[in-house]
Each structure stands twice: as C-alpha cells, then as structure tokens.
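Below is the file run-v7.cif, which contains mmCIF, N, CA and C atoms.
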data_entry
#
loop_
_atom_site.label_atom_id
_atom_site.label_comp_id
_atom_site.auth_asym_id
_atom_site.auth_seq_id
_atom_site.Cartn_x
_atom_site.Cartn_y
_atom_site.Cartn_z
N VAL F 1452 95.94 -5.54 -109.97
CA VAL F 1452 95.01 -5.65 -111.09
C VAL F 1452 95.35 -4.61 -112.15
N LEU F 1453 95.60 -3.36 -111.72
CA LEU F 1453 95.92 -2.32 -112.70
C LEU F 1453 97.21 -2.61 -113.45
N ASP F 1454 98.19 -3.16 -112.76
CA ASP F 1454 99.45 -3.50 -113.45
C ASP F 1454 99.24 -4.60 -114.48
N LEU F 1455 98.45 -5.59 -114.15
CA LEU F 1455 98.17 -6.67 -115.09
C LEU F 1455 97.34 -6.16 -116.26
N ILE F 1456 96.42 -5.24 -116.02
CA ILE F 1456 95.66 -4.63 -117.11
C ILE F 1456 96.61 -3.92 -118.07
N ASP F 1457 97.57 -3.16 -117.54
CA ASP F 1457 98.55 -2.48 -118.39
C ASP F 1457 99.32 -3.47 -119.25
N ILE F 1458 99.72 -4.58 -118.66
CA ILE F 1458 100.46 -5.60 -119.41
C ILE F 1458 99.59 -6.19 -120.51
N LEU F 1459 98.35 -6.51 -120.20
CA LEU F 1459 97.47 -7.14 -121.17
C LEU F 1459 97.01 -6.19 -122.27
N LEU F 1460 97.09 -4.89 -122.02
CA LEU F 1460 96.69 -3.90 -123.02
C LEU F 1460 97.87 -3.36 -123.84
N GLU F 1461 99.06 -3.89 -123.65
CA GLU F 1461 100.22 -3.39 -124.39
C GLU F 1461 100.04 -3.47 -125.89
N GLU F 1462 99.29 -4.45 -126.36
CA GLU F 1462 99.06 -4.62 -127.80
C GLU F 1462 97.99 -3.67 -128.34
N GLU F 1463 97.30 -2.97 -127.44
CA GLU F 1463 96.23 -2.07 -127.84
C GLU F 1463 96.45 -0.69 -127.21
N PRO F 1464 97.39 0.08 -127.76
CA PRO F 1464 97.77 1.34 -127.12
C PRO F 1464 96.64 2.35 -127.01
N GLU F 1465 95.64 2.30 -127.90
CA GLU F 1465 94.53 3.25 -127.80
C GLU F 1465 93.73 3.03 -126.51
N TYR F 1466 93.63 1.79 -126.06
CA TYR F 1466 92.94 1.50 -124.80
C TYR F 1466 93.88 1.70 -123.61
N LEU F 1467 95.16 1.41 -123.81
CA LEU F 1467 96.14 1.56 -122.73
C LEU F 1467 96.22 3.01 -122.26
N ARG F 1468 96.04 3.95 -123.16
CA ARG F 1468 96.12 5.37 -122.82
C ARG F 1468 94.82 5.90 -122.21
N ASP F 1469 93.73 5.16 -122.34
CA ASP F 1469 92.41 5.62 -121.87
C ASP F 1469 92.21 5.20 -120.41
N GLN F 1470 92.41 6.15 -119.48
CA GLN F 1470 92.29 5.84 -118.05
C GLN F 1470 90.88 5.37 -117.69
N TYR F 1471 89.85 5.98 -118.28
CA TYR F 1471 88.48 5.57 -117.96
C TYR F 1471 88.22 4.13 -118.39
N PHE F 1472 88.75 3.74 -119.54
CA PHE F 1472 88.61 2.36 -120.00
C PHE F 1472 89.27 1.42 -118.99
N LYS F 1473 90.49 1.75 -118.58
CA LYS F 1473 91.21 0.90 -117.63
C LYS F 1473 90.49 0.82 -116.29
N TYR F 1474 89.93 1.93 -115.84
CA TYR F 1474 89.18 1.90 -114.57
C TYR F 1474 87.92 1.06 -114.69
N ASP F 1475 87.25 1.11 -115.83
CA ASP F 1475 86.07 0.25 -116.04
C ASP F 1475 86.46 -1.22 -116.03
N VAL F 1476 87.57 -1.54 -116.68
CA VAL F 1476 88.07 -2.93 -116.70
C VAL F 1476 88.43 -3.36 -115.28
N ALA F 1477 89.09 -2.49 -114.53
CA ALA F 1477 89.46 -2.82 -113.15
C ALA F 1477 88.22 -3.04 -112.29
N ALA F 1478 87.22 -2.18 -112.42
CA ALA F 1478 86.00 -2.33 -111.63
C ALA F 1478 85.30 -3.65 -111.96
N TYR F 1479 85.18 -3.97 -113.24
CA TYR F 1479 84.57 -5.23 -113.67
C TYR F 1479 85.33 -6.41 -113.04
N THR F 1480 86.66 -6.35 -113.13
CA THR F 1480 87.50 -7.44 -112.62
C THR F 1480 87.37 -7.58 -111.11
N LEU F 1481 87.49 -6.46 -110.39
CA LEU F 1481 87.47 -6.51 -108.93
C LEU F 1481 86.13 -6.98 -108.39
N ASN F 1482 85.07 -6.76 -109.14
CA ASN F 1482 83.75 -7.24 -108.72
C ASN F 1482 83.59 -8.74 -108.91
N ARG F 1483 84.54 -9.37 -109.59
CA ARG F 1483 84.42 -10.80 -109.87
C ARG F 1483 85.48 -11.66 -109.19
N ILE F 1484 86.30 -11.06 -108.35
CA ILE F 1484 87.32 -11.83 -107.64
C ILE F 1484 87.12 -11.65 -106.14
N PRO F 1485 87.58 -12.62 -105.34
CA PRO F 1485 87.47 -12.46 -103.88
C PRO F 1485 88.28 -11.26 -103.41
N PRO F 1486 87.79 -10.53 -102.42
CA PRO F 1486 88.52 -9.35 -101.94
C PRO F 1486 89.82 -9.74 -101.23
N LYS F 1487 90.86 -9.00 -101.54
CA LYS F 1487 92.16 -9.15 -100.88
C LYS F 1487 92.64 -7.73 -100.61
N TYR F 1488 92.73 -7.37 -99.35
CA TYR F 1488 93.13 -6.01 -98.98
C TYR F 1488 94.48 -6.02 -98.31
N PHE F 1489 95.34 -5.10 -98.74
CA PHE F 1489 96.61 -4.88 -98.06
C PHE F 1489 97.01 -3.43 -98.29
N MET F 1490 97.67 -2.88 -97.28
CA MET F 1490 98.00 -1.46 -97.31
C MET F 1490 99.50 -1.20 -97.21
N SER F 1491 100.30 -2.25 -97.26
CA SER F 1491 101.74 -2.04 -97.12
C SER F 1491 102.48 -3.01 -98.02
N GLU F 1492 103.77 -2.76 -98.19
CA GLU F 1492 104.60 -3.67 -98.96
C GLU F 1492 104.66 -5.04 -98.28
N ARG F 1493 104.70 -5.03 -96.96
CA ARG F 1493 104.71 -6.29 -96.22
C ARG F 1493 103.43 -7.10 -96.48
N GLY F 1494 102.29 -6.41 -96.51
CA GLY F 1494 101.02 -7.08 -96.82
C GLY F 1494 101.02 -7.66 -98.22
N PHE F 1495 101.55 -6.89 -99.18
CA PHE F 1495 101.61 -7.39 -100.54
C PHE F 1495 102.55 -8.59 -100.64
N THR F 1496 103.67 -8.54 -99.92
CA THR F 1496 104.62 -9.65 -99.94
C THR F 1496 103.97 -10.92 -99.41
N ARG F 1497 103.22 -10.78 -98.34
CA ARG F 1497 102.51 -11.94 -97.78
C ARG F 1497 101.47 -12.46 -98.79
N PHE F 1498 100.74 -11.55 -99.41
CA PHE F 1498 99.74 -11.93 -100.42
C PHE F 1498 100.42 -12.68 -101.57
N ALA F 1499 101.52 -12.13 -102.08
CA ALA F 1499 102.22 -12.75 -103.20
C ALA F 1499 102.73 -14.14 -102.81
N ASP F 1500 103.23 -14.27 -101.60
CA ASP F 1500 103.74 -15.55 -101.15
C ASP F 1500 102.63 -16.59 -101.07
N LEU F 1501 101.45 -16.17 -100.61
CA LEU F 1501 100.34 -17.12 -100.45
C LEU F 1501 99.63 -17.45 -101.75
N TYR F 1502 99.52 -16.47 -102.65
CA TYR F 1502 98.64 -16.65 -103.79
C TYR F 1502 99.31 -16.67 -105.15
N LEU F 1503 100.50 -16.10 -105.27
CA LEU F 1503 101.08 -15.98 -106.59
C LEU F 1503 102.29 -16.87 -106.84
N THR F 1504 102.85 -17.47 -105.82
CA THR F 1504 104.00 -18.34 -106.02
C THR F 1504 103.52 -19.78 -106.13
N ASP F 1505 104.29 -20.58 -106.82
CA ASP F 1505 103.89 -21.98 -106.94
C ASP F 1505 104.81 -22.92 -106.17
N ASP F 1506 105.73 -22.38 -105.35
CA ASP F 1506 106.59 -23.24 -104.53
C ASP F 1506 105.79 -23.91 -103.43
N ASP F 1507 105.11 -23.11 -102.63
CA ASP F 1507 104.32 -23.64 -101.52
C ASP F 1507 102.86 -23.84 -101.88
N ASN F 1508 102.44 -23.21 -102.96
CA ASN F 1508 101.04 -23.26 -103.37
C ASN F 1508 100.97 -23.63 -104.84
N PRO F 1509 100.74 -24.88 -105.16
CA PRO F 1509 100.72 -25.30 -106.57
C PRO F 1509 99.63 -24.61 -107.38
N ASP F 1510 98.63 -24.04 -106.72
CA ASP F 1510 97.57 -23.34 -107.44
C ASP F 1510 97.89 -21.87 -107.64
N GLY F 1511 99.02 -21.40 -107.13
CA GLY F 1511 99.37 -19.99 -107.21
C GLY F 1511 99.40 -19.46 -108.63
N PHE F 1512 100.06 -20.15 -109.51
CA PHE F 1512 100.14 -19.71 -110.90
C PHE F 1512 98.78 -19.76 -111.56
N ALA F 1513 98.02 -20.78 -111.24
CA ALA F 1513 96.68 -20.89 -111.80
C ALA F 1513 95.82 -19.69 -111.40
N ASN F 1514 95.99 -19.21 -110.15
CA ASN F 1514 95.24 -18.05 -109.71
C ASN F 1514 95.56 -16.83 -110.57
N LEU F 1515 96.83 -16.64 -110.90
CA LEU F 1515 97.24 -15.52 -111.73
C LEU F 1515 96.68 -15.67 -113.15
N VAL F 1516 96.69 -16.88 -113.68
CA VAL F 1516 96.12 -17.13 -115.00
C VAL F 1516 94.62 -16.88 -114.98
N GLU F 1517 93.94 -17.32 -113.92
CA GLU F 1517 92.51 -17.06 -113.80
C GLU F 1517 92.22 -15.57 -113.75
N LEU F 1518 93.07 -14.82 -113.06
CA LEU F 1518 92.90 -13.37 -113.02
C LEU F 1518 93.06 -12.77 -114.41
N ALA F 1519 94.04 -13.24 -115.16
CA ALA F 1519 94.25 -12.75 -116.53
C ALA F 1519 93.03 -13.06 -117.40
N VAL F 1520 92.45 -14.24 -117.23
CA VAL F 1520 91.24 -14.60 -117.99
C VAL F 1520 90.09 -13.65 -117.66
N ILE F 1521 89.90 -13.36 -116.39
CA ILE F 1521 88.84 -12.44 -115.98
C ILE F 1521 89.09 -11.04 -116.54
N ILE F 1522 90.35 -10.61 -116.54
CA ILE F 1522 90.67 -9.29 -117.11
C ILE F 1522 90.39 -9.27 -118.61
N HIS F 1523 90.72 -10.34 -119.31
CA HIS F 1523 90.40 -10.40 -120.74
C HIS F 1523 88.89 -10.32 -120.97
N GLN F 1524 88.12 -11.00 -120.14
CA GLN F 1524 86.66 -10.91 -120.24
C GLN F 1524 86.20 -9.48 -119.99
N ALA F 1525 86.81 -8.83 -119.01
CA ALA F 1525 86.47 -7.45 -118.69
C ALA F 1525 86.78 -6.53 -119.87
N ILE F 1526 87.95 -6.71 -120.48
CA ILE F 1526 88.33 -5.89 -121.63
C ILE F 1526 87.31 -6.06 -122.75
N ASP F 1527 86.96 -7.30 -123.06
CA ASP F 1527 85.98 -7.55 -124.13
C ASP F 1527 84.63 -6.94 -123.80
N THR F 1528 84.19 -7.07 -122.56
CA THR F 1528 82.89 -6.53 -122.14
C THR F 1528 82.88 -5.01 -122.21
N VAL F 1529 83.92 -4.38 -121.70
CA VAL F 1529 83.97 -2.91 -121.71
C VAL F 1529 84.08 -2.40 -123.14
N LYS F 1530 84.84 -3.08 -124.00
CA LYS F 1530 84.91 -2.69 -125.42
C LYS F 1530 83.52 -2.76 -126.05
N LEU F 1531 82.81 -3.84 -125.81
CA LEU F 1531 81.48 -4.03 -126.38
C LEU F 1531 80.52 -2.96 -125.90
N ARG F 1532 80.54 -2.68 -124.62
CA ARG F 1532 79.66 -1.65 -124.07
C ARG F 1532 80.03 -0.27 -124.59
N SER F 1533 81.33 -0.01 -124.74
CA SER F 1533 81.78 1.29 -125.26
C SER F 1533 81.35 1.48 -126.71
N SER F 1534 81.45 0.42 -127.51
CA SER F 1534 81.06 0.54 -128.91
C SER F 1534 79.56 0.68 -129.06
N SER F 1535 78.77 0.04 -128.17
CA SER F 1535 77.32 0.17 -128.27
C SER F 1535 76.87 1.56 -127.84
N LYS F 1536 77.59 2.19 -126.90
CA LYS F 1536 77.26 3.56 -126.50
C LYS F 1536 77.58 4.53 -127.62
N ALA F 1537 78.67 4.26 -128.35
CA ALA F 1537 79.09 5.16 -129.43
C ALA F 1537 78.11 5.13 -130.60
N THR F 1538 77.48 3.99 -130.82
CA THR F 1538 76.54 3.88 -131.94
C THR F 1538 75.13 4.31 -131.54
N ALA F 1539 74.86 4.44 -130.25
CA ALA F 1539 73.50 4.81 -129.81
C ALA F 1539 73.26 6.29 -129.92
#
For the file at hand, write its structure as structure tokens.
Amino acid sequence: VLDLIDILLEEEPEYLRDQYFKYDVAAYTLNRIPPKYFMSERGFTRFADLYLTDDDNPDGFANLVELAVIIHQAIDTVKLRSSSKATA
C-alpha cells in the first residue's frame, strides 16, 4: 500500500514528502480493504501470485485497480480533512 501511495503521489511532491499525510492515507486505505498479512518474501510472492497477476486470476489486475481507486479516495479525503483543520 505504501509503495502504491508513493507512485500515486509522484505528481504531488508536497504530499509525497509528508510522512504523516502518507500514513493517514495508508490507514484510511487499510481500513477499507480485506486484511492480508505476510511476514516474508515468500508470503508476498504467494500473495502476488494469487491476487495481483492476471494469468491464473483474471480479477488480479482489477484488484490492483480497485486498490488504486481506494487510495485516490483516501488522498482526497485526507487532503480535505487537512485543509479543514488548517482553516479552523
């Protein structure tokens, strides 16, 4: 999730450099997706094979796109909340 946030924020370097902003976006995102836990490279490889590839799983790419959509929603929400705090 954090790597995808970095990719999606490349066009907005002021937010890309703000660790607290990125952590808020990650928390928002992680609260809206099913939990997937892995603690090793082998676990990540298995996860990627099951959920992110489209060879054996035609919905794999769609899952990644859905994650990107949720992250975009998180970015917009955190921006809105940050700007409302700044004006209050």
**Request:** Provide the atom CA of Phe1489 of chain F to atom CA of Tyr1471 of chain F distance in Å, to one decimal place.
**Result:** 23.9 Å
**Request:** Around the point (88.0, -12.4, -114.2), in the coordinates given by the file, pick out the residues reaching within 5 Å, counting all atoms listed in the file, and return them as a ChimeraX atom specification.
**Result:** /F:1520-1522
**Prompt:** Closest to Ser1533 of chain F among F:Glu1461, F:Asp1500, F:Glu1492, F:Asp1475, using only C-alpha atoms?
**Reply:**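 For Ser1533 of chain F, the nearest of the given residues is F:Asp1475.
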**Item:** DSSP alpha helix (DSSP H) residues within chain F, as a VMD selection string
**Value:** chain F and resid 1453 to 1459 1464 to 1467 1470 to 1481 1492 to 1502 1511 to 1538
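Going from atom C of Tyr1479 of chain F to atom C of His1523 of chain F covers 9.5 Å.
Between atom CA of Tyr1488 of chain F and atom CA of Arg1468 of chain F there is a distance of 26.6 Å.
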**Fill in**
In terms of only C-alpha atoms, the residue from F:Gln1524, F:Phe1498, F:Pro1486, F:Val1529 at minimal distance from Lys1473 of chain F is F:Val1529
**Message:** Given only C-alpha atoms as the basis, pick out the residue of F:Val1452, F:Phe1495, F:Pro1464, F:Leu1459 nearest to Leu1481 of chain F.
**Reply:**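 When distances to Leu1481 of chain F are compared using only C-alpha atoms, the smallest one comes from F:Val1452.
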**Request:** Tell me which of F:Val1516, F:Leu1453, F:Phe1472, F:Glu1462 sits closest to Arg1532 of chain F, counting only C-alpha atoms.
**Result:**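 Closest to Arg1532 of chain F of all the choices is F:Phe1472.
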